[in-house]
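A.B. asks: Can you keep this structure in mind? I'll have questions shortly.
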Amino acid sequence: LLAEIPNSFGLRADLSIPEEVDAMIAQLKKDAGGVRVLVNNAGYNENAPMLTMKLDSYDAVAGLARGTWYLTKLILRRFMLRRGAGRIINISSVVGHTGNAGQIPYTMAKAGLDALTKSLAQELAGRDILINSVAPGFIETEMTEELPDEIRQAILARVPQGRMGTAQEVADVVGFLATSGSYVNGTVLHVNGGLYGG
């Protein structure tokens with residue numbers, strides 16, 4: 001994908017390790033000079049009922065929420081506030097609103113992203129930095145391809161459109177928020193085929 005975008009390049013960092021985030025920010029400053037759009041799309045999950053989940057497993061999932069907060073703070077300080085403009089788009093999830101058995105840390109983290117969106121939009125009101133969330137429903141990904149057929153069919157029975165969404169359909173909404181939507185701020189846009197309306 002990067003090869004199709006002029007002047008694009010990739011950087012890698014583990015958001016749960018602050019030093020890696022710091023290094024990525026320094027590299028961005030050196031190679032790009034600025035950041036106009038930040039899409040927070042980190043995700044990790046370990047499935048287990050609450051009563052059997054180990055603390056280390058919880059920390060591994062929750063650490064990404066902490067890392068997203070830290071990355072967002074640095075992008076704001078080093079780039080967007082100095083420029084006086086920017087767009088931040090947080091990728092949350094429908095399960096942050098509906099809940100999902102066996103995924104409590106994940107649902108907590110995704111619900112927290114939407115809370116971050118609403119609170120930060122209020123903190124930065126009037127600065128021309130827009131913060132929104134996109135909450136996908138069940139999307140065709142490598143992770144959903146591994147679902148047993150009976151679980152997949154149970155999911156599809158709950159989706160009024162009768163199918164899973166595509167990554168492109170989520171990307172289209174992200175693209176809108178990154179380039180248009182100048183009066184959309186502090187909101188959660190659901191992309192789930194009618195599964196949940198917010």
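Here's how to read the names in the structure tokens: chain A, B, ... by the order shown, residue numbers from 1 in each chain, ligand numbers from 1 in the order shown.
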Skip Arg158 in chain A itself and residues of its chain fewer than 3 positions away, then list as a list of chain:residue names all residues within 7 Å of it, counting only C-alpha atoms.
C.D. replies: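 Listing them by chain and then by number gives A:Ala154, A:Ile155, A:Leu195.
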A.B. asks: Can you pull out the residues contacting range 91-106 of chain A? Cut-off 7 Å, using only C-alpha atoms, and skip same-chain residues under 3 positions away; I want them as a list in words.
C.D. replies: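 My list of contacting residues is Asn40, Asn41, Asn45, Asn47, Ala48, Pro49, Met50, Tyr58, Val61, Ala62, Ala109, Lys110, Ala111, Leu113, Asp114, Ser133, Val134, Ala135, Pro136 and Gly137 of chain A.
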A.B. asks: DSSP on the backbone: what in range 17-183 of chain A comes out helix (DSSP H, G or I), as a PyMOL selection string?
C.D. replies: chain A and resi 18-31+55-83+95-98+104-123+142-145+149-158+167-179
A.B. asks: Between A:Arg12, A:Arg82, A:Arg36, A:Lys118, which one has atoms that come closest to Ile131 in chain A, using only C-alpha atoms?
C.D. replies: A:Lys118
A.B. asks: Step one, run DSSP on the backbone; step two, keep only residues of range 53-184 of chain A assigned to strand (DSSP E or B); then write them as a PDB file with all heavy atoms, in the first residue's frame.
C.D. replies:
ATOM      1  N   GLY A  86      -5.122  19.794  12.713  1.00  0.00           N
ATOM      2  CA  GLY A  86      -4.858  18.370  12.644  1.00  0.00           C
ATOM      3  C   GLY A  86      -6.131  17.559  12.751  1.00  0.00           C
ATOM      4  O   GLY A  86      -7.204  18.077  13.078  1.00  0.00           O
ATOM      5  N   ARG A  87      -6.012  16.289  12.457  1.00  0.00           N
ATOM      6  CA  ARG A  87      -7.125  15.337  12.571  1.00  0.00           C
ATOM      7  C   ARG A  87      -6.620  14.103  13.305  1.00  0.00           C
ATOM      8  O   ARG A  87      -5.575  13.550  12.937  1.00  0.00           O
ATOM      9  CB  ARG A  87      -7.653  14.915  11.189  1.00  0.00           C
ATOM     10  CG  ARG A  87      -8.071  16.076  10.277  1.00  0.00           C
ATOM     11  CD  ARG A  87      -9.350  16.724  10.762  1.00  0.00           C
ATOM     12  NE  ARG A  87      -9.727  17.876   9.960  1.00  0.00           N
ATOM     13  CZ  ARG A  87     -10.548  17.836   8.925  1.00  0.00           C
ATOM     14  NH1 ARG A  87     -11.062  16.686   8.539  1.00  0.00           N
ATOM     15  NH2 ARG A  87     -10.853  18.936   8.279  1.00  0.00           N
ATOM     16  N   ILE A  88      -7.357  13.682  14.311  1.00  0.00           N
ATOM     17  CA  ILE A  88      -7.061  12.455  15.030  1.00  0.00           C
ATOM     18  C   ILE A  88      -8.268  11.537  14.905  1.00  0.00           C
ATOM     19  O   ILE A  88      -9.397  11.944  15.215  1.00  0.00           O
ATOM     20  CB  ILE A  88      -6.742  12.727  16.513  1.00  0.00           C
ATOM     21  CG1 ILE A  88      -5.492  13.614  16.632  1.00  0.00           C
ATOM     22  CG2 ILE A  88      -6.539  11.405  17.272  1.00  0.00           C
ATOM     23  CD1 ILE A  88      -5.208  14.098  18.042  1.00  0.00           C
ATOM     24  N   ILE A  89      -8.031  10.325  14.446  1.00  0.00           N
ATOM     25  CA  ILE A  89      -9.110   9.354  14.238  1.00  0.00           C
ATOM     26  C   ILE A  89      -8.765   8.091  15.012  1.00  0.00           C
ATOM     27  O   ILE A  89      -7.741   7.445  14.741  1.00  0.00           O
ATOM     28  CB  ILE A  89      -9.287   9.048  12.736  1.00  0.00           C
ATOM     29  CG1 ILE A  89      -9.591  10.340  11.972  1.00  0.00           C
ATOM     30  CG2 ILE A  89     -10.411   8.023  12.532  1.00  0.00           C
ATOM     31  CD1 ILE A  89      -9.112  10.358  10.550  1.00  0.00           C
ATOM     32  N   ASN A  90      -9.588   7.768  15.982  1.00  0.00           N
ATOM     33  CA  ASN A  90      -9.369   6.590  16.812  1.00  0.00           C
ATOM     34  C   ASN A  90     -10.238   5.443  16.305  1.00  0.00           C
ATOM     35  O   ASN A  90     -11.443   5.610  16.122  1.00  0.00           O
ATOM     36  CB  ASN A  90      -9.719   6.900  18.266  1.00  0.00           C
ATOM     37  CG  ASN A  90      -8.805   7.953  18.859  1.00  0.00           C
ATOM     38  OD1 ASN A  90      -7.595   7.886  18.695  1.00  0.00           O
ATOM     39  ND2 ASN A  90      -9.373   8.933  19.543  1.00  0.00           N
ATOM     40  N   ILE A  91      -9.629   4.293  16.079  1.00  0.00           N
ATOM     41  CA  ILE A  91     -10.385   3.125  15.636  1.00  0.00           C
ATOM     42  C   ILE A  91     -10.774   2.326  16.877  1.00  0.00           C
ATOM     43  O   ILE A  91      -9.935   1.688  17.517  1.00  0.00           O
ATOM     44  CB  ILE A  91      -9.569   2.245  14.663  1.00  0.00           C
ATOM     45  CG1 ILE A  91      -9.023   3.094  13.502  1.00  0.00           C
ATOM     46  CG2 ILE A  91     -10.449   1.097  14.151  1.00  0.00           C
ATOM     47  CD1 ILE A  91     -10.083   3.775  12.658  1.00  0.00           C
ATOM     48  N   ILE A 129      -8.272  21.283  15.653  1.00  0.00           N
ATOM     49  CA  ILE A 129      -7.805  19.894  15.712  1.00  0.00           C
ATOM     50  C   ILE A 129      -9.036  19.049  16.025  1.00  0.00           C
ATOM     51  O   ILE A 129      -9.607  19.165  17.110  1.00  0.00           O
ATOM     52  CB  ILE A 129      -6.713  19.697  16.780  1.00  0.00           C
ATOM     53  CG1 ILE A 129      -5.501  20.576  16.462  1.00  0.00           C
ATOM     54  CG2 ILE A 129      -6.309  18.224  16.855  1.00  0.00           C
ATOM     55  CD1 ILE A 129      -4.452  20.596  17.549  1.00  0.00           C
ATOM     56  N   LEU A 130      -9.452  18.245  15.070  1.00  0.00           N
ATOM     57  CA  LEU A 130     -10.677  17.469  15.199  1.00  0.00           C
ATOM     58  C   LEU A 130     -10.351  16.040  15.626  1.00  0.00           C
ATOM     59  O   LEU A 130      -9.441  15.415  15.084  1.00  0.00           O
ATOM     60  CB  LEU A 130     -11.438  17.450  13.873  1.00  0.00           C
ATOM     61  CG  LEU A 130     -11.763  18.814  13.266  1.00  0.00           C
ATOM     62  CD1 LEU A 130     -12.531  18.642  11.963  1.00  0.00           C
ATOM     63  CD2 LEU A 130     -12.531  19.687  14.239  1.00  0.00           C
ATOM     64  N   ILE A 131     -11.094  15.537  16.602  1.00  0.00           N
ATOM     65  CA  ILE A 131     -10.879  14.191  17.126  1.00  0.00           C
ATOM     66  C   ILE A 131     -12.175  13.411  17.016  1.00  0.00           C
ATOM     67  O   ILE A 131     -13.215  13.826  17.549  1.00  0.00           O
ATOM     68  CB  ILE A 131     -10.407  14.213  18.593  1.00  0.00           C
ATOM     69  CG1 ILE A 131      -9.114  15.023  18.738  1.00  0.00           C
ATOM     70  CG2 ILE A 131     -10.169  12.792  19.090  1.00  0.00           C
ATOM     71  CD1 ILE A 131      -9.330  16.436  19.151  1.00  0.00           C
ATOM     72  N   ASN A 132     -12.142  12.287  16.316  1.00  0.00           N
ATOM     73  CA  ASN A 132     -13.321  11.434  16.151  1.00  0.00           C
ATOM     74  C   ASN A 132     -12.936   9.974  16.254  1.00  0.00           C
ATOM     75  O   ASN A 132     -11.763   9.617  16.143  1.00  0.00           O
ATOM     76  CB  ASN A 132     -13.985  11.696  14.791  1.00  0.00           C
ATOM     77  CG  ASN A 132     -14.620  13.073  14.721  1.00  0.00           C
ATOM     78  OD1 ASN A 132     -15.649  13.312  15.334  1.00  0.00           O
ATOM     79  ND2 ASN A 132     -13.995  13.982  13.985  1.00  0.00           N
ATOM     80  N   SER A 133     -13.937   9.137  16.479  1.00  0.00           N
ATOM     81  CA  SER A 133     -13.740   7.687  16.494  1.00  0.00           C
ATOM     82  C   SER A 133     -14.510   7.043  15.353  1.00  0.00           C
ATOM     83  O   SER A 133     -15.581   7.521  14.975  1.00  0.00           O
ATOM     84  CB  SER A 133     -14.254   7.077  17.806  1.00  0.00           C
ATOM     85  OG  SER A 133     -13.403   7.354  18.887  1.00  0.00           O
ATOM     86  N   VAL A 134     -13.962   5.952  14.854  1.00  0.00           N
ATOM     87  CA  VAL A 134     -14.671   5.068  13.937  1.00  0.00           C
ATOM     88  C   VAL A 134     -14.768   3.715  14.648  1.00  0.00           C
ATOM     89  O   VAL A 134     -13.751   3.156  15.065  1.00  0.00           O
ATOM     90  CB  VAL A 134     -13.932   4.922  12.597  1.00  0.00           C
ATOM     91  CG1 VAL A 134     -14.617   3.879  11.722  1.00  0.00           C
ATOM     92  CG2 VAL A 134     -13.864   6.269  11.888  1.00  0.00           C
ATOM     93  N   ALA A 135     -16.001   3.228  14.807  1.00  0.00           N
ATOM     94  CA  ALA A 135     -16.229   1.973  15.525  1.00  0.00           C
ATOM     95  C   ALA A 135     -16.719   0.905  14.552  1.00  0.00           C
ATOM     96  O   ALA A 135     -17.917   0.809  14.268  1.00  0.00           O
ATOM     97  CB  ALA A 135     -17.247   2.183  16.645  1.00  0.00           C
ATOM     98  N   PRO A 136     -15.810   0.092  14.027  1.00  0.00           N
ATOM     99  CA  PRO A 136     -16.236  -0.969  13.111  1.00  0.00           C
ATOM    100  C   PRO A 136     -17.005  -2.069  13.837  1.00  0.00           C
ATOM    101  O   PRO A 136     -16.797  -2.323  15.029  1.00  0.00           O
ATOM    102  CB  PRO A 136     -14.913  -1.516  12.564  1.00  0.00           C
ATOM    103  CG  PRO A 136     -13.887  -0.480  12.883  1.00  0.00           C
ATOM    104  CD  PRO A 136     -14.356   0.160  14.149  1.00  0.00           C
ATOM    105  N   ILE A 139     -15.764  -7.165  10.696  1.00  0.00           N
ATOM    106  CA  ILE A 139     -15.109  -6.864   9.427  1.00  0.00           C
ATOM    107  C   ILE A 139     -14.318  -8.086   8.973  1.00  0.00           C
ATOM    108  O   ILE A 139     -13.707  -8.788   9.786  1.00  0.00           O
ATOM    109  CB  ILE A 139     -14.156  -5.656   9.592  1.00  0.00           C
ATOM    110  CG1 ILE A 139     -14.900  -4.446  10.196  1.00  0.00           C
ATOM    111  CG2 ILE A 139     -13.533  -5.288   8.250  1.00  0.00           C
ATOM    112  CD1 ILE A 139     -16.065  -3.928   9.383  1.00  0.00           C
ATOM    113  N   GLY A 165     -18.502  -6.517   7.076  1.00  0.00           N
ATOM    114  CA  GLY A 165     -17.990  -5.381   6.326  1.00  0.00           C
ATOM    115  C   GLY A 165     -16.603  -5.670   5.786  1.00  0.00           C
ATOM    116  O   GLY A 165     -15.999  -6.709   6.077  1.00  0.00           O
TER     117      GLY A 165
END
A.B. asks: Calculate how many Å separate CA of Lys29 in chain A from CA of Leu76 in chain A, rounding to one decimal.
C.D. replies: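 These two atoms are separated by 12.6 Å.
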A.B. asks: Which residue out of A:Gly43, A:Gly10, A:Gly197, A:Gly67 has the minimum interatomic distance to Asp22 in chain A when only C-alpha atoms are used?
C.D. replies: A:Gly67
A.B. asks: At what distance in Å, to one decimal, does CA of Ala178 in chain A lie from CA of Ala121 in chain A?
C.D. replies: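 One can read the CA of Ala121 in chain A to CA of Ala178 in chain A distance as 15.0 Å.
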A.B. asks: I'd like to know which of A:Ala115, A:Leu11, A:Leu38, A:Ala157 is closest to Thr187 in chain A, using only C-alpha atoms.
C.D. replies: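 Among the listed residues, the smallest separation from Thr187 in chain A belongs to A:Ala115.
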A.B. asks: Extract, using only C-alpha atoms, all DNA, RNA and protein residues at most 12 Å from Tyr70 in chain A, discarding same-chain residues fewer than 2 positions from it, and format them as a PyMOL selection string.
C.D. replies: chain A and resi 14-22+25+40+63-68+72-77+116
A.B. asks: Print the selection's residues with C-alpha atoms to a file, as a compact mmCIF listing (two decimals), in the first residue's frame.
C.D. replies:
# COMPACT_ATOMS: atom_id res chain seq x y z
CA ASP A 14 5.50 -1.17 20.04
CA LEU A 15 3.06 1.28 21.65
CA SER A 16 3.37 -0.48 25.00
CA ILE A 17 7.04 0.59 25.18
CA PRO A 18 7.36 4.40 25.63
CA GLU A 19 10.97 4.43 24.42
CA GLU A 20 9.92 2.96 21.07
CA VAL A 21 7.22 5.62 20.73
CA ASP A 22 9.77 8.34 21.52
CA ILE A 25 8.37 10.48 17.01
CA ASN A 40 -4.87 5.27 16.13
CA GLY A 63 -1.02 -1.49 27.54
CA LEU A 64 -2.09 -0.54 24.03
CA ALA A 65 -4.63 1.93 25.44
CA ARG A 66 -1.86 3.52 27.49
CA GLY A 67 0.40 3.60 24.45
CA THR A 68 -2.29 5.20 22.30
CA THR A 72 -1.50 10.98 20.82
CA LYS A 73 -0.04 13.32 23.44
CA LEU A 74 3.33 13.45 21.65
CA ILE A 75 1.79 13.97 18.20
CA LEU A 76 -0.26 16.85 19.59
CA ARG A 77 2.69 18.50 21.35
CA LEU A 116 -10.71 9.74 24.91
A.B. asks: Hey, can you check how far CA of Pro160 in chain A sits from CA of Gly193 in chain A?
C.D. replies: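 Separating CA of Pro160 in chain A from CA of Gly193 in chain A is a distance of 6.3 Å.
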A.B. asks: When you count only C-alpha atoms, which of these residues is closest to Tyr183 in chain A: A:Asp59, A:Glu146, A:Asp128, A:Asp31?
C.D. replies: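 Closest to Tyr183 in chain A of all the choices is A:Asp128.
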